[in-house]
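Text of start_15.tsv, listed as TSV, C-alpha atoms:
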chain	number	residue	atom	x	y	z
A	23	MET	CA	65.27	-8.04	41.72
A	24	THR	CA	63.80	-8.69	45.12
A	25	HIS	CA	60.21	-8.32	46.15
A	26	SER	CA	58.97	-6.04	48.82
A	27	ASP	CA	57.11	-8.03	51.44
A	28	ARG	CA	54.23	-5.60	50.90
A	29	GLU	CA	53.77	-6.96	47.38
A	30	VAL	CA	53.08	-10.40	48.78
A	31	HIS	CA	49.51	-11.20	49.76
A	32	ILE	CA	48.88	-14.29	51.85
A	33	VAL	CA	45.46	-15.89	51.38
A	34	ILE	CA	44.00	-18.11	54.10
A	35	ALA	CA	40.71	-19.97	53.86
A	36	ALA	CA	39.33	-20.54	57.35
A	37	TYR	CA	36.30	-22.43	58.59
A	38	CYS	CA	35.81	-22.62	62.36
A	39	GLU	CA	39.50	-22.03	63.12
A	40	GLU	CA	39.06	-19.70	66.12
A	41	THR	CA	41.76	-21.46	68.15
A	42	ALA	CA	44.42	-21.43	65.43
A	43	VAL	CA	43.83	-18.58	63.00
A	44	GLY	CA	44.98	-15.79	65.34
A	45	ASP	CA	48.42	-17.34	65.92
A	46	THR	CA	48.75	-18.16	62.22
A	47	VAL	CA	47.98	-14.56	61.17
A	48	ARG	CA	50.25	-13.04	63.84
A	49	GLY	CA	53.10	-15.32	62.76
A	50	LEU	CA	52.68	-14.29	59.14
A	51	ARG	CA	52.30	-10.57	59.81
A	52	LYS	CA	55.69	-10.38	61.51
A	53	ARG	CA	57.05	-10.41	57.97
A	54	TYR	CA	54.15	-10.09	55.55
A	55	PRO	CA	51.71	-7.28	56.38
A	56	ASN	CA	49.08	-8.29	53.82
A	57	VAL	CA	47.23	-11.30	55.16
A	58	ILE	CA	43.75	-12.01	53.81
A	59	VAL	CA	41.54	-14.40	55.75
A	60	VAL	CA	38.37	-15.63	54.10
A	61	ASP	CA	36.02	-16.70	56.84
A	62	ASP	CA	34.01	-19.41	55.10
A	63	GLY	CA	30.75	-19.12	57.00
A	64	SER	CA	32.20	-20.07	60.40
A	65	PHE	CA	29.84	-20.21	63.37
A	66	ASP	CA	32.60	-19.48	65.87
A	67	ARG	CA	34.92	-16.47	66.46
A	68	THR	CA	37.20	-17.14	63.46
A	69	ALA	CA	36.50	-13.75	61.84
A	70	ALA	CA	36.94	-11.85	65.10
A	71	GLU	CA	40.23	-13.62	65.86
A	72	ALA	CA	41.55	-12.94	62.36
A	73	LEU	CA	40.51	-9.28	62.55
A	74	GLY	CA	42.05	-8.91	65.98
A	75	SER	CA	45.33	-10.31	64.62
A	76	GLY	CA	45.43	-7.67	61.91
A	77	ALA	CA	44.24	-9.59	58.87
A	78	THR	CA	41.88	-8.30	56.22
A	79	VAL	CA	38.78	-10.45	56.57
A	80	LEU	CA	36.28	-11.34	53.88
A	81	ARG	CA	33.22	-13.20	55.05
A	82	HIS	CA	31.27	-15.83	53.19
A	83	VAL	CA	27.75	-15.57	54.61
A	84	VAL	CA	27.35	-19.32	54.20
A	85	ASN	CA	29.95	-22.08	54.02
A	86	ARG	CA	31.05	-22.68	50.43
A	87	GLY	CA	34.17	-24.79	50.86
A	88	GLN	CA	37.92	-24.28	50.83
A	89	GLY	CA	38.21	-23.94	47.06
A	90	ALA	CA	35.55	-21.22	46.96
A	91	ALA	CA	37.16	-19.38	49.88
A	92	LEU	CA	40.62	-19.45	48.29
A	93	GLN	CA	39.26	-18.07	45.02
A	94	THR	CA	37.53	-15.26	46.94
A	95	GLY	CA	40.81	-14.41	48.68
A	96	ILE	CA	42.80	-14.57	45.43
A	97	SER	CA	40.25	-12.31	43.69
A	98	HIS	CA	40.58	-9.79	46.51
A	99	ALA	CA	44.38	-9.93	46.40
A	100	LEU	CA	44.30	-9.23	42.67
A	101	ARG	CA	41.90	-6.31	43.17
A	102	VAL	CA	44.21	-4.67	45.69
A	103	GLY	CA	47.27	-5.02	43.45
A	104	ALA	CA	49.10	-8.10	44.77
A	105	ARG	CA	52.25	-8.96	42.84
A	106	TYR	CA	52.69	-12.37	44.44
A	107	ILE	CA	49.95	-14.46	46.04
A	108	VAL	CA	50.64	-17.22	48.55
A	109	THR	CA	48.00	-19.64	49.81
A	110	PHE	CA	48.52	-20.82	53.37
A	111	ASP	CA	46.54	-23.11	55.69
A	112	ALA	CA	44.78	-21.62	58.71
A	113	ASP	CA	45.58	-24.44	61.11
A	114	GLY	CA	49.28	-23.72	61.62
A	115	GLN	CA	50.50	-26.67	59.51
A	116	HIS	CA	52.79	-24.53	57.38
A	117	ALA	CA	55.97	-22.67	58.30
A	118	VAL	CA	56.29	-18.96	57.58
A	119	ASP	CA	60.00	-19.51	56.93
A	120	ASP	CA	59.12	-21.62	53.88
A	121	ILE	CA	57.46	-18.69	52.08
A	122	PRO	CA	60.74	-17.10	50.85
A	123	LEU	CA	61.64	-20.48	49.32
A	124	LEU	CA	58.44	-20.31	47.30
A	125	LEU	CA	58.89	-16.69	46.27
A	126	GLU	CA	62.50	-16.90	45.17
A	127	PRO	CA	61.88	-18.88	41.92
A	128	LEU	CA	58.99	-16.53	41.04
A	129	GLU	CA	61.14	-13.44	41.49
A	130	ALA	CA	63.93	-14.99	39.46
A	131	GLY	CA	61.39	-15.52	36.67
A	132	ARG	CA	62.08	-19.25	36.54
A	133	CYS	CA	58.42	-20.16	36.88
A	134	ASP	CA	54.88	-18.82	37.34
A	135	VAL	CA	53.69	-21.10	40.13
A	136	VAL	CA	55.58	-22.72	43.01
A	137	LEU	CA	54.00	-25.65	44.82
A	138	GLY	CA	55.02	-26.81	48.26
A	139	SER	CA	55.76	-30.50	48.66
A	140	ARG	CA	56.06	-32.32	51.96
A	141	PHE	CA	57.50	-35.36	50.19
A	142	LEU	CA	60.64	-33.58	49.00
A	143	ARG	CA	61.72	-33.20	52.59
A	144	SER	CA	62.04	-36.07	55.04
A	145	ALA	CA	59.10	-35.79	57.36
A	146	ARG	CA	57.02	-37.87	59.72
A	147	ILE	CA	53.69	-38.25	57.97
A	148	PRO	CA	50.96	-40.43	59.49
A	149	PRO	CA	50.88	-43.66	57.41
A	150	MET	CA	47.20	-43.47	56.48
A	151	ARG	CA	47.58	-39.82	55.44
A	152	LYS	CA	50.64	-40.72	53.38
A	153	LEU	CA	48.74	-43.47	51.56
A	154	THR	CA	45.83	-41.14	50.77
A	155	LEU	CA	48.14	-38.40	49.53
A	156	LYS	CA	50.06	-40.82	47.32
A	157	ALA	CA	46.77	-42.05	45.84
A	158	GLY	CA	45.96	-38.39	45.10
A	159	VAL	CA	49.30	-37.99	43.32
A	160	ILE	CA	48.62	-41.03	41.11
A	161	PHE	CA	45.06	-39.83	40.39
A	162	THR	CA	46.35	-36.38	39.38
A	163	ARG	CA	48.98	-37.88	37.09
A	164	LEU	CA	46.33	-40.03	35.40
A	165	VAL	CA	43.69	-37.34	34.82
A	166	SER	CA	45.80	-34.20	34.44
A	167	GLY	CA	49.15	-35.54	33.34
A	168	ILE	CA	50.91	-33.20	35.77
A	169	ARG	CA	53.68	-34.96	37.67
A	170	VAL	CA	53.68	-33.49	41.16
A	171	THR	CA	54.82	-35.27	44.30
A	172	ASP	CA	52.23	-33.69	46.63
A	173	THR	CA	48.74	-32.98	45.30
A	174	HIS	CA	47.02	-31.58	48.36
A	175	ASN	CA	49.54	-29.21	49.85
A	176	GLY	CA	47.95	-25.87	50.71
A	177	LEU	CA	51.20	-23.92	50.54
A	178	ARG	CA	51.56	-22.46	47.04
A	179	ALA	CA	52.74	-19.23	45.45
A	180	PHE	CA	51.63	-17.58	42.24
A	181	THR	CA	52.74	-14.58	40.27
A	182	ARG	CA	49.96	-12.09	39.64
A	183	GLU	CA	49.80	-13.13	35.98
A	184	ALA	CA	49.44	-16.81	36.89
A	185	ALA	CA	46.70	-16.08	39.45
A	186	GLU	CA	44.81	-14.11	36.82
A	187	ARG	CA	44.84	-17.10	34.49
A	188	ILE	CA	43.55	-19.54	37.09
A	189	GLU	CA	39.97	-19.70	38.27
A	190	ILE	CA	39.04	-22.20	40.96
A	191	ARG	CA	35.54	-23.45	40.10
A	192	LEU	CA	35.40	-26.51	42.36
A	193	ASP	CA	34.24	-25.17	45.69
A	194	ARG	CA	35.29	-27.96	48.00
A	195	MET	CA	38.44	-30.02	48.48
A	196	ALA	CA	38.70	-31.09	44.82
A	197	HIS	CA	40.00	-27.58	44.10
A	198	ALA	CA	43.55	-28.80	44.77
A	199	SER	CA	43.37	-31.26	41.88
A	200	GLU	CA	41.57	-28.68	39.74
A	201	LEU	CA	44.30	-26.13	40.37
A	202	LEU	CA	46.96	-28.54	39.14
A	203	ASP	CA	44.79	-29.40	36.15
A	204	GLN	CA	44.49	-25.71	35.25
A	205	ILE	CA	48.21	-25.12	35.72
A	206	GLY	CA	48.86	-27.96	33.28
A	207	ARG	CA	46.28	-26.78	30.74
A	208	SER	CA	47.38	-23.13	30.92
A	209	ASN	CA	50.98	-24.10	30.20
A	210	LEU	CA	52.09	-22.21	33.29
A	211	ARG	CA	55.65	-22.95	34.35
A	212	TRP	CA	55.71	-24.61	37.75
A	213	ILE	CA	58.13	-26.21	40.15
A	214	GLU	CA	57.86	-27.89	43.53
A	215	VAL	CA	59.96	-26.93	46.53
A	216	PRO	CA	60.34	-28.87	49.77
A	217	VAL	CA	58.25	-27.48	52.61
A	218	GLU	CA	57.46	-28.50	56.13
A	219	VAL	CA	54.02	-29.74	57.14
A	220	ARG	CA	53.53	-29.99	60.89
A	221	TYR	CA	51.10	-32.64	62.05
A	222	THR	CA	49.63	-31.61	65.35
A	223	ASP	CA	46.65	-33.21	67.06
A	224	TYR	CA	44.67	-30.14	66.03
A	225	SER	CA	45.64	-30.28	62.35
A	226	LYS	CA	44.99	-34.02	62.20
A	227	ARG	CA	41.55	-33.49	63.72
A	228	LYS	CA	40.75	-30.67	61.30
A	229	GLY	CA	42.19	-32.44	58.23
A	230	GLN	CA	40.32	-34.53	55.73
A	231	SER	CA	39.53	-38.13	56.52
A	232	SER	CA	41.18	-40.69	54.28
A	233	LEU	CA	37.80	-41.64	52.82
A	234	ALA	CA	37.35	-38.05	51.63
A	235	GLY	CA	39.69	-38.94	48.78
A	236	PHE	CA	36.85	-40.73	47.00
A	237	ARG	CA	34.59	-37.70	47.27
A	238	ILE	CA	37.39	-35.46	45.99
A	239	ALA	CA	37.94	-37.72	42.97
A	240	TRP	CA	34.19	-37.79	42.23
A	241	ASP	CA	33.85	-34.01	42.56
A	242	PHE	CA	36.83	-33.44	40.30
A	243	LEU	CA	35.56	-35.74	37.55
A	244	ILE	CA	32.00	-34.38	37.70
A	245	GLY	CA	33.39	-30.83	37.84
A	246	ARG	CA	35.05	-31.39	34.48
A	247	LEU	CA	31.58	-31.85	32.96
A	248	LYS	CA	30.26	-28.52	34.19
B	8	MET	CA	-9.08	-53.72	29.61
B	9	THR	CA	-8.49	-54.25	33.31
B	10	PRO	CA	-9.59	-51.62	35.87
B	11	PHE	CA	-5.90	-50.76	36.46
B	12	GLN	CA	-5.33	-50.14	32.74
B	13	ILE	CA	-8.39	-47.89	32.56
B	14	LEU	CA	-7.30	-45.92	35.64
B	15	ALA	CA	-3.69	-45.56	34.52
B	16	ILE	CA	-4.55	-44.52	30.97
B	17	SER	CA	-7.13	-42.02	32.27
B	18	GLY	CA	-4.52	-40.53	34.60
B	19	LEU	CA	-1.93	-40.34	31.84
B	20	THR	CA	-4.49	-38.68	29.53
B	21	VAL	CA	-4.97	-35.94	32.12
B	22	VAL	CA	-1.18	-35.53	32.38
B	23	VAL	CA	-0.93	-35.31	28.57
B	24	ILE	CA	-3.55	-32.51	28.55
B	25	LEU	CA	-1.69	-30.69	31.36
B	26	THR	CA	1.59	-31.01	29.44
B	27	ILE	CA	0.05	-29.61	26.23
B	28	ARG	CA	-1.43	-26.73	28.27
B	29	ALA	CA	1.99	-26.04	29.87
B	30	VAL	CA	3.58	-25.79	26.41
B	31	ALA	CA	0.74	-23.55	25.14
B	32	ARG	CA	1.16	-21.25	28.16
B	33	LYS	CA	4.95	-21.29	27.65
B	34	LYS	CA	5.60	-22.72	31.09
B	35	ILE	CA	7.86	-25.34	29.49
B	36	SER	CA	9.73	-25.26	26.19
B	37	PRO	CA	8.33	-27.11	23.12
B	38	ALA	CA	11.34	-29.48	23.25
B	39	ALA	CA	10.58	-30.35	26.88
B	40	GLY	CA	6.91	-30.75	25.93
B	41	VAL	CA	7.76	-33.27	23.20
B	42	PHE	CA	9.99	-35.20	25.64
B	43	TRP	CA	7.30	-35.44	28.34
B	44	LEU	CA	4.52	-36.23	25.85
B	45	ALA	CA	6.61	-39.07	24.39
B	46	LEU	CA	7.14	-40.41	27.92
B	47	TRP	CA	3.44	-40.26	28.88
B	48	ILE	CA	2.18	-41.69	25.58
B	49	GLY	CA	4.85	-44.41	25.65
B	50	GLY	CA	3.77	-45.30	29.19
B	51	ALA	CA	0.10	-45.39	28.18
B	52	ILE	CA	0.84	-47.71	25.25
B	53	ALA	CA	2.96	-50.00	27.43
B	54	ILE	CA	0.16	-50.28	30.00
B	55	GLY	CA	-2.82	-50.43	27.63
B	56	TRP	CA	-1.33	-52.63	24.93
B	57	PRO	CA	1.46	-54.69	26.54
B	58	ALA	CA	1.70	-56.91	23.46
B	59	ILE	CA	3.38	-54.01	21.67
B	60	THR	CA	6.14	-53.88	24.31
B	61	VAL	CA	6.63	-57.64	23.85
B	62	GLU	CA	7.11	-57.11	20.10
B	63	VAL	CA	9.59	-54.27	20.68
B	64	ALA	CA	11.42	-56.28	23.37
B	65	ARG	CA	11.82	-59.27	21.07
B	66	ALA	CA	13.05	-57.06	18.25
B	67	LEU	CA	15.73	-55.80	20.68
B	68	GLY	CA	16.63	-59.30	21.81
B	69	ILE	CA	14.93	-59.08	25.22
B	70	ALA	CA	12.66	-61.99	26.21
B	71	ARG	CA	9.80	-60.16	27.95
B	72	GLY	CA	8.10	-56.81	27.50
B	73	ALA	CA	8.16	-56.26	31.26
B	74	ASP	CA	11.95	-56.60	31.21
B	75	LEU	CA	12.20	-53.96	28.49
B	76	VAL	CA	10.10	-51.56	30.59
B	77	SER	CA	12.28	-52.27	33.66
B	78	TYR	CA	15.52	-51.67	31.76
B	79	LEU	CA	14.23	-48.44	30.25
B	80	SER	CA	12.98	-47.23	33.66
B	81	ILE	CA	16.34	-47.91	35.32
B	82	LEU	CA	18.17	-46.19	32.47
B	83	ALA	CA	15.86	-43.17	32.65
B	84	MET	CA	16.32	-42.93	36.42
B	85	LEU	CA	20.12	-43.03	36.12
B	86	VAL	CA	20.15	-40.39	33.40
B	87	GLY	CA	17.74	-38.30	35.49
B	88	PHE	CA	19.97	-38.64	38.55
B	89	PHE	CA	23.00	-37.55	36.55
B	90	LEU	CA	21.26	-34.54	35.00
B	91	LEU	CA	19.85	-33.52	38.38
B	92	ASN	CA	23.34	-33.76	39.86
B	93	LEU	CA	24.70	-31.44	37.15
B	94	ARG	CA	21.87	-28.98	37.72
B	95	ILE	CA	22.49	-28.91	41.49
B	96	ARG	CA	26.18	-28.26	40.84
B	97	ARG	CA	25.35	-25.39	38.50
B	98	MET	CA	23.11	-23.90	41.19
B	99	GLU	CA	25.88	-24.34	43.77
B	100	SER	CA	28.25	-22.42	41.50
B	101	GLN	CA	25.71	-19.61	41.25
B	102	ILE	CA	25.34	-19.50	45.05
B	103	THR	CA	29.13	-19.33	45.39
B	104	ALA	CA	29.28	-16.44	42.91
B	105	ILE	CA	26.72	-14.49	44.98
B	106	VAL	CA	28.47	-15.28	48.28
B	107	ARG	CA	31.82	-14.27	46.77
B	108	GLU	CA	30.50	-10.98	45.45
B	109	LEU	CA	29.05	-10.13	48.86
B	110	ALA	CA	32.38	-10.95	50.53
B	111	LEU	CA	34.45	-8.96	48.02
B	112	ASN	CA	32.24	-5.91	48.43
B	113	GLU	CA	32.78	-5.75	52.19
B	114	PRO	CA	36.37	-6.48	53.14
B	115	GLN	CA	36.99	-5.76	56.84
B	116	THR	CA	40.24	-4.74	58.42
B	117	GLY	CA	41.21	-4.58	62.06
B	118	ALA	CA	41.56	-0.81	61.72
B	119	ALA	CA	38.04	-0.47	60.28
B	120	ARG	CA	36.60	-2.47	63.15
B	121	GLU	CA	38.30	-0.28	65.71
B	122	LYS	CA	36.83	2.84	64.06
B	123	LYS	CA	33.33	1.40	64.09
B	124	SER	CA	33.45	0.31	67.72

For this file, write the structure as structure tokens.
Amino acid sequence: MTHSDREVHIVIAAYCEETAVGDTVRGLRKRYPNVIVVDDGSFDRTAAEALGSGATVLRHVVNRGQGAALQTGISHALRVGARYIVTFDADGQHAVDDIPLLLEPLEAGRCDVVLGSRFLRSARIPPMRKLTLKAGVIFTRLVSGIRVTDTHNGLRAFTREAAERIEIRLDRMAHASELLDQIGRSNLRWIEVPVEVRYTDYSKRKGQSSLAGFRIAWDFLIGRLK
Amino acid sequence: MTPFQILAISGLTVVVILTIRAVARKKISPAAGVFWLALWIGGAIAIGWPAITVEVARALGIARGADLVSYLSILAMLVGFFLLNLRIRRMESQITAIVRELALNEPQTGAAREKKS
């Protein structure tokens, strides 16, 4: 059984990405017509660029964070009948060609969630970023018991049923750890596949600082008490 | 009694009356009323009759009454900070729910924009 590309909905959370989001959407829409951009309260032309590139745009009237924006996009995808949902970064870090690698195990019924991992493929990762990401992996293993190799990779794919069972409640960057936690608790079947992450000057500038790891850990632990 | 003790106890008496009135007018719950009354009355006793705090402190293995008051104040502030943090997070979640609902109710597509313009 193979999917129709129309059954795949790509969800992008975007905050002030006017220079990148248009190219990202156009690149995706060459193959996947259903691209949902959640403009997370941007004060620039992000929404206009996404609209002009053919995406469906949902607008957060105020900035709520990447986790909140992704959940909004996933909720919309479910409402409009998505069979597979893929989350994708707005800044052009991910490769469209990696998406079929994520969808194939879902279609084959081998798992419910596929997570992209930059560490399963040899790649040039800035040393400080690598250290922070590895710390995130250890933290996730300790608190969630889920043994992934890449905690904060924005490229993921879910079956509809898996997306319905997950609800991102942590609005900001801690959502990535929360997602893994929920996957573990929901007994969803998951695998990691190697994906490319391109580090450009733009993506490095837009990415999280290494110190943000502490805030993410704090948010995640406090979020568990809510 | 020193002038400070008289002033502080008078002030706390007013606050006690205001708290009782707030409970009577159902502005705060009875449980919250009991909590605040215990705090005000405890504070008044500690200020007006410090010897009592010394007795309590010694019973707890603390040398001075003033130290006991300091420890309890720090503890109360930390607990207050934590509870306030949780409350802010709950409010943030509610704001997100509203923002999300607004966004979901008005999805825009390139085609729709062209029609409008």

Record the distance separating atom CA of Glu183 of chain A and atom CA of Ile32 of chain A, expressed in Å with one decimal. 15.9 Å

Nearest candidate to Ser100 of chain B (options A:Arg48, A:Arg86, A:His116, A:Arg220; using all atoms listed in the file): A:Arg86

For chain B against chain A, which residues fall within 10 Å using all atoms listed in the file, given as a PyMOL selection string? chain B and resi 89+92-94+96-97+99-100+102-121

Non-local contacts of segment 12-16 of chain B (12 Å; all atoms listed in the file; under 3 positions in same chain excluded) as a PyMOL selection string: chain B and resi 8-9+19-23+47-57

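With atom CA of Phe88 of chain B on one side and atom CA of Gly89 of chain A on the other, the separation reads 24.9 Å.
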
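Residues lying within 12 Å of Gly114 of chain A, counting all atoms listed in the file and ignoring same-chain neighbours fewer than 5 positions away, are Ile34, Ala36, Glu39, Glu40, Thr41, Ala42, Val43, Gly44, Asp45, Thr46, Val47, Arg48, Gly49, Leu50, Gly176, Leu177, Glu218, Val219, Arg220, Tyr221, Thr222, Asp223, Tyr224, Ser225, Lys226, Lys228 and Gly229 of chain A.
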
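One finds atom CA of Gly206 of chain A at 19.1 Å from atom CA of Lys156 of chain A.
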
Within 8 Å of Leu155 of chain A using all atoms listed in the file, minus same-chain residues under 4 positions, as a PDB file with C-alpha atoms, in the frame of the given file:
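Wrote it out as selection_21.pdb, contents follow:
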ATOM      1  CA  ARG A 151      47.580 -39.820  55.440  1.00  0.00           C
ATOM      2  CA  VAL A 159      49.300 -37.990  43.320  1.00  0.00           C
ATOM      3  CA  ASP A 172      52.230 -33.690  46.630  1.00  0.00           C
ATOM      4  CA  THR A 173      48.740 -32.980  45.300  1.00  0.00           C
ATOM      5  CA  HIS A 174      47.020 -31.580  48.360  1.00  0.00           C
TER       6      HIS A 174
END

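Considering only C-alpha atoms, the residue among A:Val33, A:Ala239, A:Ala157, A:Leu142 positioned nearest to Pro216 of chain A is A:Leu142.
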
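Residue nearest Glu186 of chain A within the list A:Val215, A:Leu202, A:Met150, A:Leu100: A:Leu100 [criterion: smallest interatomic distance, only C-alpha atoms].
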
Nearest to Gly131 of chain A: which of A:Arg211, A:His31, A:Arg178, A:Arg67 is it, counting all atoms listed in the file? A:Arg211
